[in-house]
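Everything below belongs to model12.json, which stores JSON, C-alpha atoms.
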[["chain", "number", "residue", "atom", "x", "y", "z"],
["A", 634, "MET", "CA", 97.95, 135.34, 99.50],
["A", 635, "GLY", "CA", 101.11, 135.89, 97.47],
["A", 636, "LEU", "CA", 102.98, 132.91, 98.88],
["A", 637, "ASN", "CA", 105.06, 130.96, 96.40],
["A", 638, "ASP", "CA", 107.63, 128.24, 96.99],
["A", 639, "THR", "CA", 110.57, 128.96, 94.73],
["A", 640, "ASN", "CA", 113.35, 126.52, 93.86],
["A", 641, "ALA", "CA", 116.41, 128.40, 92.68],
["A", 642, "ALA", "CA", 120.10, 127.66, 92.89],
["A", 643, "THR", "CA", 121.34, 127.69, 96.46],
["A", 644, "ASN", "CA", 123.87, 130.42, 97.22],
["A", 645, "ASP", "CA", 127.37, 129.52, 98.35],
["A", 646, "SER", "CA", 127.21, 129.65, 102.13],
["A", 647, "GLY", "CA", 130.92, 129.64, 102.88],
["A", 648, "VAL", "CA", 131.30, 132.26, 105.55],
["A", 649, "THR", "CA", 134.45, 134.02, 104.41],
["A", 650, "ALA", "CA", 133.25, 134.05, 100.81],
["A", 651, "ASP", "CA", 129.70, 135.16, 101.56],
["A", 652, "SER", "CA", 127.83, 138.26, 100.44],
["A", 653, "GLY", "CA", 129.24, 141.67, 101.22],
["A", 654, "VAL", "CA", 125.92, 142.56, 102.77],
["A", 655, "THR", "CA", 125.28, 139.55, 104.98],
["A", 656, "GLY", "CA", 122.57, 140.65, 107.33],
["A", 657, "GLY", "CA", 121.93, 143.85, 105.43],
["A", 658, "PRO", "CA", 123.92, 146.94, 106.34],
["A", 659, "ASP", "CA", 121.04, 149.31, 105.68],
["A", 660, "GLY", "CA", 118.49, 147.86, 108.11],
["A", 661, "PRO", "CA", 116.08, 148.17, 109.64],
["A", 662, "ASP", "CA", 114.19, 147.79, 106.39],
["A", 663, "SER", "CA", 110.71, 149.01, 107.28],
["A", 664, "GLY", "CA", 109.23, 149.36, 103.83],
["A", 665, "LEU", "CA", 105.72, 148.82, 105.15],
["A", 666, "PRO", "CA", 103.99, 151.19, 107.57],
["A", 667, "THR", "CA", 104.87, 150.44, 111.19],
["A", 668, "PRO", "CA", 101.75, 149.26, 113.02],
["A", 669, "THR", "CA", 100.60, 150.36, 116.43],
["A", 670, "PRO", "CA", 101.98, 147.83, 118.93],
["A", 671, "GLY", "CA", 99.36, 145.29, 119.91],
["A", 672, "ASP", "CA", 98.94, 143.02, 122.85],
["A", 673, "GLY", "CA", 101.09, 140.19, 121.53],
["A", 674, "ALA", "CA", 103.35, 138.33, 123.88],
["A", 675, "ARG", "CA", 106.69, 139.93, 124.53],
["A", 676, "GLY", "CA", 109.60, 137.91, 123.18],
["A", 677, "GLY", "CA", 113.18, 137.43, 124.10],
["A", 678, "GLY", "CA", 115.86, 138.75, 126.31],
["A", 679, "ASP", "CA", 118.41, 141.30, 125.34],
["A", 680, "GLY", "CA", 120.80, 140.15, 122.69],
["A", 681, "GLY", "CA", 123.61, 137.70, 122.92],
["A", 682, "ALA", "CA", 127.26, 136.90, 123.33],
["A", 683, "LEU", "CA", 128.83, 138.73, 120.50],
["A", 684, "GLY", "CA", 132.56, 138.66, 120.24],
["A", 685, "GLY", "CA", 134.36, 140.10, 123.21],
["A", 686, "PRO", "CA", 136.42, 143.25, 123.61],
["A", 687, "ALA", "CA", 139.53, 141.17, 122.99],
["A", 688, "GLY", "CA", 138.18, 140.18, 119.58],
["A", 689, "GLY", "CA", 137.70, 136.49, 120.38],
["A", 690, "LEU", "CA", 134.22, 135.01, 120.14],
["A", 691, "GLY", "CA", 132.93, 133.63, 123.39],
["A", 692, "GLU", "CA", 135.46, 135.07, 125.82],
["A", 693, "PRO", "CA", 134.30, 134.52, 129.40],
["A", 694, "GLY", "CA", 132.60, 137.20, 131.44],
["A", 695, "GLY", "CA", 130.15, 139.96, 130.65],
["A", 696, "GLU", "CA", 126.39, 140.33, 130.93],
["A", 697, "PRO", "CA", 123.96, 138.65, 128.51],
["A", 698, "GLY", "CA", 123.36, 141.00, 125.61],
["A", 699, "SER", "CA", 126.93, 142.28, 125.46],
["A", 700, "THR", "CA", 129.87, 141.33, 123.31],
["A", 701, "SER", "CA", 131.75, 140.08, 126.35],
["A", 702, "ALA", "CA", 129.11, 137.54, 127.42],
["A", 703, "PRO", "CA", 130.08, 133.87, 127.20],
["A", 704, "VAL", "CA", 128.95, 131.51, 124.44],
["A", 705, "PRO", "CA", 127.32, 128.28, 125.69],
["A", 706, "ALA", "CA", 129.83, 125.42, 125.80],
["A", 707, "GLY", "CA", 129.72, 122.35, 123.57],
["A", 708, "LEU", "CA", 128.43, 123.99, 120.38],
["A", 709, "ILE", "CA", 130.02, 123.47, 116.99],
["A", 710, "ASP", "CA", 130.91, 126.57, 115.00],
["A", 711, "GLY", "CA", 127.78, 127.91, 113.32],
["A", 712, "ALA", "CA", 125.33, 126.14, 115.62],
["A", 713, "TYR", "CA", 122.59, 128.09, 117.31],
["A", 714, "VAL", "CA", 120.34, 127.17, 120.19],
["A", 715, "ALA", "CA", 116.90, 128.69, 119.91],
["A", 716, "LYS", "CA", 113.86, 126.48, 119.88],
["A", 717, "ILE", "CA", 112.67, 127.99, 116.61],
["A", 718, "VAL", "CA", 114.55, 130.19, 114.11],
["A", 719, "ILE", "CA", 112.69, 132.16, 111.44],
["A", 720, "ALA", "CA", 115.10, 133.60, 108.82],
["A", 721, "VAL", "CA", 113.89, 136.51, 106.68],
["A", 722, "ASP", "CA", 115.70, 137.94, 103.65],
["A", 723, "GLY", "CA", 114.55, 140.55, 101.15],
["A", 724, "PRO", "CA", 115.34, 143.69, 99.16],
["A", 725, "ALA", "CA", 115.16, 147.27, 100.41],
["A", 726, "GLY", "CA", 111.64, 148.52, 101.03],
["A", 727, "SER", "CA", 110.17, 145.04, 101.36],
["A", 728, "GLY", "CA", 109.25, 145.59, 105.00],
["A", 729, "LYS", "CA", 111.60, 143.02, 106.53],
["A", 730, "SER", "CA", 112.09, 144.85, 109.81],
["A", 731, "SER", "CA", 108.58, 146.08, 110.52],
["A", 732, "VAL", "CA", 106.99, 142.79, 109.46],
["A", 733, "SER", "CA", 109.54, 140.65, 111.31],
["A", 734, "ARG", "CA", 109.20, 142.67, 114.50],
["A", 735, "ALA", "CA", 105.40, 142.51, 114.45],
["A", 736, "ALA", "CA", 105.44, 138.79, 113.69],
["A", 737, "ALA", "CA", 107.89, 138.19, 116.55],
["A", 738, "ARG", "CA", 105.57, 140.07, 118.89],
["A", 739, "ALA", "CA", 102.58, 137.98, 117.78],
["A", 740, "LEU", "CA", 104.47, 134.72, 118.21],
["A", 741, "GLY", "CA", 106.17, 135.62, 121.48],
["A", 742, "TYR", "CA", 109.59, 135.35, 119.83],
["A", 743, "GLY", "CA", 112.71, 137.43, 119.95],
["A", 744, "TYR", "CA", 113.62, 139.70, 117.03],
["A", 745, "GLN", "CA", 117.07, 140.39, 115.57],
["A", 746, "ASP", "CA", 117.81, 143.26, 113.18],
["A", 747, "THR", "CA", 121.17, 142.23, 111.75],
["A", 748, "GLY", "CA", 121.66, 145.45, 109.82],
["A", 749, "ALA", "CA", 122.07, 147.26, 113.13],
["A", 750, "ALA", "CA", 125.37, 145.48, 113.76],
["A", 751, "TYR", "CA", 126.86, 146.73, 110.49],
["A", 752, "ARG", "CA", 125.76, 150.23, 111.32],
["A", 753, "ALA", "CA", 126.98, 150.01, 114.91],
["A", 754, "LEU", "CA", 130.42, 148.86, 113.80],
["A", 755, "ALA", "CA", 130.53, 151.68, 111.26],
["A", 756, "TRP", "CA", 129.57, 154.16, 114.00],
["A", 757, "HIS", "CA", 132.28, 152.71, 116.25],
["A", 758, "ALA", "CA", 134.91, 153.01, 113.51],
["A", 759, "LEU", "CA", 133.95, 156.65, 112.95],
["A", 760, "GLN", "CA", 134.20, 157.35, 116.68],
["A", 761, "GLN", "CA", 137.67, 155.79, 116.68],
["A", 762, "ARG", "CA", 138.62, 157.96, 113.68],
["A", 763, "VAL", "CA", 139.51, 154.86, 111.70],
["A", 764, "ASP", "CA", 140.59, 155.34, 108.10],
["A", 765, "LEU", "CA", 137.68, 153.69, 106.28],
["A", 766, "ASP", "CA", 139.93, 152.85, 103.35],
["A", 767, "ASP", "CA", 142.20, 150.84, 105.64],
["A", 768, "GLY", "CA", 140.69, 147.38, 106.01],
["A", 769, "ALA", "CA", 143.21, 146.32, 108.64],
["A", 770, "ALA", "CA", 142.36, 149.33, 110.78],
["A", 771, "ILE", "CA", 138.64, 148.60, 110.51],
["A", 772, "LEU", "CA", 139.26, 145.01, 111.55],
["A", 773, "ALA", "CA", 141.39, 146.19, 114.49],
["A", 774, "SER", "CA", 138.50, 148.34, 115.70],
["A", 775, "TRP", "CA", 136.61, 145.10, 116.40],
["A", 776, "ASP", "CA", 138.82, 144.58, 119.46],
["A", 777, "THR", "CA", 137.01, 147.41, 121.24],
["A", 778, "PHE", "CA", 133.57, 146.85, 119.69],
["A", 779, "ASP", "CA", 131.36, 146.08, 122.72],
["A", 780, "TYR", "CA", 128.00, 145.56, 120.98],
["A", 781, "ALA", "CA", 124.59, 144.78, 122.44],
["A", 782, "ILE", "CA", 121.13, 144.66, 120.88],
["A", 783, "GLY", "CA", 117.69, 144.27, 122.40],
["A", 784, "THR", "CA", 115.88, 141.27, 120.95],
["A", 785, "ASP", "CA", 112.59, 141.85, 122.77],
["A", 786, "PRO", "CA", 110.39, 143.32, 119.99],
["A", 787, "ASP", "CA", 108.88, 145.69, 122.58],
["A", 788, "ASP", "CA", 112.26, 146.78, 123.96],
["A", 789, "TYR", "CA", 114.53, 147.28, 120.97],
["A", 790, "TYR", "CA", 117.82, 149.09, 121.45],
["A", 791, "VAL", "CA", 121.37, 149.10, 120.09],
["A", 792, "ARG", "CA", 124.34, 149.88, 122.34],
["A", 793, "VAL", "CA", 128.09, 150.11, 121.90],
["A", 794, "GLY", "CA", 129.65, 149.97, 125.33],
["A", 795, "GLU", "CA", 127.60, 152.26, 127.57],
["A", 796, "THR", "CA", 126.36, 154.38, 124.65],
["A", 797, "ASP", "CA", 122.86, 153.93, 123.25],
["A", 798, "VAL", "CA", 123.32, 154.28, 119.49],
["A", 799, "THR", "CA", 119.82, 153.26, 118.40],
["A", 800, "ASP", "CA", 119.27, 156.61, 116.68],
["A", 801, "ALA", "CA", 122.91, 157.55, 116.02],
["A", 802, "ILE", "CA", 123.45, 154.62, 113.64],
["A", 803, "ARG", "CA", 120.79, 156.02, 111.28],
["A", 804, "THR", "CA", 122.64, 159.23, 110.49],
["A", 805, "PRO", "CA", 123.93, 159.98, 106.96],
["A", 806, "ASP", "CA", 127.57, 159.75, 108.12],
["A", 807, "VAL", "CA", 127.05, 156.20, 109.37],
["A", 808, "THR", "CA", 125.07, 155.26, 106.28],
["A", 809, "GLY", "CA", 127.98, 156.42, 104.14],
["A", 810, "ALA", "CA", 130.48, 154.40, 106.17],
["A", 811, "VAL", "CA", 128.60, 151.09, 106.13],
["A", 812, "ALA", "CA", 129.77, 150.06, 102.66],
["A", 813, "HIS", "CA", 133.40, 150.18, 103.84],
["A", 814, "ILE", "CA", 132.51, 147.79, 106.66],
["A", 815, "ALA", "CA", 130.38, 145.38, 104.64],
["A", 816, "LYS", "CA", 132.94, 144.70, 101.91],
["A", 817, "LEU", "CA", 135.54, 143.11, 104.22],
["A", 818, "PRO", "CA", 135.36, 139.27, 104.35],
["A", 819, "ASP", "CA", 136.93, 139.03, 107.82],
["A", 820, "VAL", "CA", 134.43, 141.51, 109.23],
["A", 821, "ARG", "CA", 131.54, 139.66, 107.59],
["A", 822, "HIS", "CA", 132.78, 136.40, 109.08],
["A", 823, "ARG", "CA", 132.82, 137.86, 112.57],
["A", 824, "LEU", "CA", 129.39, 139.42, 112.13],
["A", 825, "VAL", "CA", 127.93, 136.08, 111.01],
["A", 826, "GLN", "CA", 129.18, 134.57, 114.27],
["A", 827, "LEU", "CA", 127.76, 137.55, 116.15],
["A", 828, "PHE", "CA", 124.30, 137.00, 114.62],
["A", 829, "ARG", "CA", 124.40, 133.31, 115.51],
["A", 830, "ASN", "CA", 125.43, 134.12, 119.06],
["A", 831, "VAL", "CA", 122.41, 136.41, 119.43],
["A", 832, "MET", "CA", 120.25, 133.46, 118.41],
["A", 833, "ARG", "CA", 122.03, 131.25, 120.94],
["A", 834, "LYS", "CA", 121.26, 133.64, 123.78],
["A", 835, "THR", "CA", 117.57, 134.36, 123.17],
["A", 836, "ASP", "CA", 115.34, 133.63, 126.14],
["A", 837, "ALA", "CA", 112.24, 133.39, 123.96],
["A", 838, "PRO", "CA", 110.82, 130.17, 122.47],
["A", 839, "GLY", "CA", 112.27, 131.30, 119.14],
["A", 840, "ILE", "CA", 113.70, 134.27, 117.25],
["A", 841, "ILE", "CA", 113.06, 135.99, 113.94],
["A", 842, "THR", "CA", 116.32, 137.14, 112.36],
["A", 843, "GLU", "CA", 116.12, 139.44, 109.35],
["A", 844, "GLY", "CA", 118.53, 141.06, 106.92],
["A", 845, "ARG", "CA", 120.49, 139.86, 103.88],
["A", 846, "ASP", "CA", 121.79, 136.30, 103.32],
["A", 847, "ILE", "CA", 120.06, 135.18, 106.50],
["A", 848, "THR", "CA", 118.40, 132.21, 104.80],
["A", 849, "THR", "CA", 121.58, 131.02, 103.07],
["A", 850, "VAL", "CA", 124.55, 132.05, 105.21],
["A", 851, "VAL", "CA", 123.54, 133.07, 108.73],
["A", 852, "ALA", "CA", 120.79, 130.49, 109.39],
["A", 853, "PRO", "CA", 120.56, 128.05, 106.46],
["A", 854, "ASP", "CA", 119.08, 125.39, 108.78],
["A", 855, "ALA", "CA", 116.33, 127.60, 110.20],
["A", 856, "GLU", "CA", 112.94, 125.97, 110.64],
["A", 857, "VAL", "CA", 111.37, 128.63, 108.41],
["A", 858, "ARG", "CA", 113.21, 130.57, 105.71],
["A", 859, "ILE", "CA", 111.41, 133.41, 103.94],
["A", 860, "LEU", "CA", 112.27, 135.78, 101.09],
["A", 861, "LEU", "CA", 110.02, 138.80, 101.64],
["A", 862, "THR", "CA", 109.65, 140.88, 98.51],
["A", 863, "ALA", "CA", 107.32, 143.11, 96.48],
["A", 864, "ASP", "CA", 107.26, 144.77, 93.09],
["A", 865, "GLU", "CA", 109.84, 147.54, 92.78],
["A", 866, "SER", "CA", 107.22, 150.26, 92.31],
["A", 867, "VAL", "CA", 105.41, 149.14, 95.47],
["A", 868, "ARG", "CA", 108.63, 149.03, 97.49],
["A", 869, "MET", "CA", 109.57, 152.51, 96.33],
["A", 870, "ALA", "CA", 106.12, 153.89, 97.16],
["A", 871, "ARG", "CA", 106.24, 152.38, 100.64],
["A", 872, "ARG", "CA", 109.72, 153.72, 101.31],
["A", 873, "SER", "CA", 108.79, 157.17, 100.01],
["A", 874, "ALA", "CA", 105.80, 157.29, 102.36],
["A", 875, "GLU", "CA", 108.08, 156.36, 105.25],
["A", 876, "VAL", "CA", 111.01, 158.72, 104.60],
["A", 877, "THR", "CA", 109.86, 162.30, 105.15],
["A", 878, "THR", "CA", 113.25, 164.01, 104.77],
["A", 879, "GLN", "CA", 113.59, 163.25, 101.05],
["A", 880, "SER", "CA", 111.44, 163.74, 97.99],
["A", 881, "ALA", "CA", 109.82, 160.68, 96.44],
["A", 882, "ALA", "CA", 112.31, 160.85, 93.57],
["A", 883, "GLU", "CA", 115.30, 161.01, 95.92],
["A", 884, "THR", "CA", 114.00, 158.14, 98.02],
["A", 885, "SER", "CA", 113.32, 156.00, 94.98],
["A", 886, "ALA", "CA", 116.77, 156.73, 93.56],
["A", 887, "ALA", "CA", 118.42, 155.81, 96.86],
["A", 888, "LEU", "CA", 116.50, 152.51, 97.03],
["A", 889, "ALA", "CA", 117.43, 151.71, 93.43],
["A", 890, "ARG", "CA", 121.12, 152.44, 94.13],
["A", 891, "ARG", "CA", 121.12, 150.18, 97.15],
["A", 892, "ASP", "CA", 119.46, 147.34, 95.25],
["A", 893, "ALA", "CA", 121.97, 147.72, 92.41],
["A", 894, "ALA", "CA", 124.96, 147.68, 94.76],
["A", 895, "ASP", "CA", 123.70, 144.71, 96.76],
["A", 896, "ALA", "CA", 122.83, 142.75, 93.63],
["A", 897, "LYS", "CA", 126.55, 142.61, 92.80],
["A", 898, "VAL", "CA", 127.23, 140.39, 95.81],
["A", 899, "VAL", "CA", 123.98, 138.60, 96.70],
["A", 900, "ASP", "CA", 120.88, 137.37, 94.89],
["A", 901, "PHE", "CA", 118.14, 138.81, 97.08],
["A", 902, "MET", "CA", 115.33, 138.59, 94.51],
["A", 903, "ASN", "CA", 115.31, 134.83, 93.99],
["A", 904, "ALA", "CA", 114.73, 132.34, 96.79],
["A", 905, "ALA", "CA", 117.28, 129.59, 97.35],
["A", 906, "ASP", "CA", 116.14, 125.99, 97.44],
["A", 907, "GLY", "CA", 113.78, 125.45, 100.37],
["A", 908, "VAL", "CA", 113.11, 129.16, 100.91],
["A", 909, "THR", "CA", 109.50, 130.38, 100.68],
["A", 910, "THR", "CA", 108.88, 133.57, 98.71],
["A", 911, "LEU", "CA", 106.34, 135.88, 100.34],
["A", 912, "ASP", "CA", 105.28, 138.50, 97.80],
["A", 913, "SER", "CA", 103.56, 141.36, 99.62],
["A", 914, "THR", "CA", 102.75, 143.41, 96.50],
["A", 915, "ASP", "CA", 99.02, 142.87, 96.94],
["A", 916, "LEU", "CA", 99.04, 142.43, 100.73],
["A", 917, "ASP", "CA", 98.63, 145.07, 103.40],
["A", 918, "PHE", "CA", 100.79, 145.15, 106.51],
["A", 919, "ASP", "CA", 98.57, 142.98, 108.69],
["A", 920, "GLN", "CA", 98.14, 140.39, 105.95],
["A", 921, "THR", "CA", 101.90, 140.19, 105.46],
["A", 922, "VAL", "CA", 102.53, 139.76, 109.18],
["A", 923, "GLN", "CA", 99.84, 137.09, 109.36],
["A", 924, "ALA", "CA", 101.45, 135.21, 106.46],
["A", 925, "VAL", "CA", 104.76, 135.09, 108.35],
["A", 926, "VAL", "CA", 103.01, 133.98, 111.52],
["A", 927, "ASP", "CA", 101.12, 131.27, 109.60],
["A", 928, "LEU", "CA", 104.34, 129.94, 108.08],
["A", 929, "ALA", "CA", 105.96, 129.80, 111.50],
["A", 930, "ARG", "CA", 103.02, 128.02, 113.09],
["A", 931, "ALA", "CA", 102.67, 125.55, 110.23],
["A", 932, "ALA", "CA", 106.33, 124.57, 110.57],
["A", 933, "THR", "CA", 106.29, 124.19, 114.34],
["A", 934, "HIS", "CA", 102.94, 122.55, 115.11]]
Could you write out this file's structure as structure tokens?
Amino acid sequence: MGLNDTNAATNDSGVTADSGVTGGPDGPDSGLPTPTPGDGARGGGDGGALGGPAGGLGEPGGEPGSTSAPVPAGLIDGAYVAKIVIAVDGPAGSGKSSVSRAAARALGYGYQDTGAAYRALAWHALQQRVDLDDGAAILASWDTFDYAIGTDPDDYYVRVGETDVTDAIRTPDVTGAVAHIAKLPDVRHRLVQLFRNVMRKTDAPGIITEGRDITTVVAPDAEVRILLTADESVRMARRSAEVTTQSAAETSAALARRDAADAKVVDFMNAADGVTTLDSTDLDFDQTVQAVVDLARAATH
């Protein structure tokens, strides 16, 4: 079924020295066709406590799912409280988002698209007319970054304050700004805490969190850690079929550029020690989802 346990060198998981694309700024990465929603159990509440308008993690007040919601007391830095955590990494076009969301639905888990946070912060910086070459100004914009994400796989949304930015964060302007956000260590550190806080707040029995460096930096102690990948030609074909606004050549070139840029800061093609490689080259969408579900069930039953 294309499942292989790979033992490679474990990446350095120090937060401030982690990959420039922790969580994956380009998500969601739906390299496989999105299936018609089934009858799987709905998972999760809406997001988590994510940082606070004053810039401090876990400031009191706020509704669950917003950046001003409180963090549960008594947790060490980096801890998360979800009954089960499934961490999914992988290159562009591997199908991380579509597969993870469908698997979460089947399992009755929550689903977290970490790339949305990078994009939402980039959108926020653009709205604030921040100079994207000024790292200090980008970091200062965090103080007013009131972020919320829906973790129910059947009720996905991304909001900044009262604004629904689910579609706005996919525009070319935001895509172009994400690299400026992702390269800043202090921003990456705060986003790692944000992702962990989403996991803390899930109301579901577990949560699938997908992006980049999820298995090594964001959730290295997850019950299941998966590197979802496929041959480059297959990933490019899947992405080309999905993106209708570009030619196949343009789509393939864009995917190759993203892989090349990300490869400078994170090894997303080789699984760290203890991470299972799921190669979907010869699997269809349903088979890939089932493989993730099987891994989750095998680890938790």
Please, what distance in Å, to one decimal, runs between CA of Val925 (chain A) and CA of Asp912 (chain A)? 11.1 Å
Using Å and a single decimal, report how far CA of Tyr742 (chain A) sits from CA of Gly726 (chain A).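 Atom-to-atom, CA of Gly726 (chain A) to CA of Tyr742 (chain A), that is 23.0 Å.
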Nearest candidate to Arg738 (chain A) (options A:Gly839, A:Pro818, A:Pro853, A:Pro786; using only C-alpha atoms):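 Of A:Gly839, A:Pro818, A:Pro853, A:Pro786, the one nearest Arg738 (chain A), counting only C-alpha atoms, is A:Pro786.
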Rounded to one decimal place, report the CA of Val732 (chain A)-CA of Asn830 (chain A) distance in Å.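 Interatomic distance here is 22.5 Å.
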Of the candidates A:Leu911, A:Ala749, A:Val922, A:Leu759, which shows the shortest atom-to-atom distance to Thr799 (chain A), using all atoms listed in the file? A:Ala749
Of A:Asp785, A:Gln760, A:Leu860, A:Ser727, the one sitting nearest Ile840 (chain A) when using only C-alpha atoms is A:Asp785
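Comparing the minimum interatomic distances between Ala753 (chain A) and each of A:Gly844, A:Gly794, A:Gly768, A:Gly907, counting only C-alpha atoms, we find that A:Gly794 sits nearest.
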Nearest-residue call for Lys716 (chain A), choices A:Val807, A:Val851, A:Ile841, A:Leu928, using all atoms listed in the file: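 Of A:Val807, A:Val851, A:Ile841, A:Leu928, the one nearest Lys716 (chain A) is A:Ile841, counting all atoms listed in the file.
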How big is the axis-aligned box around all listed atoms of region 771-782 of chain A once 8 Å goes on each side, and where's its centre, in Å to one decimal, as AutoDock Vina command-line options?
--center_x 131.3 --center_y 146.6 --center_z 116.6 --size_x 36.3 --size_y 20.0 --size_z 28.2
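The residue that comes closest to Ile847 (chain A), out of A:Thr747, A:Thr796, A:Thr808, A:Thr784 and on the basis of only C-alpha atoms, is A:Thr747.
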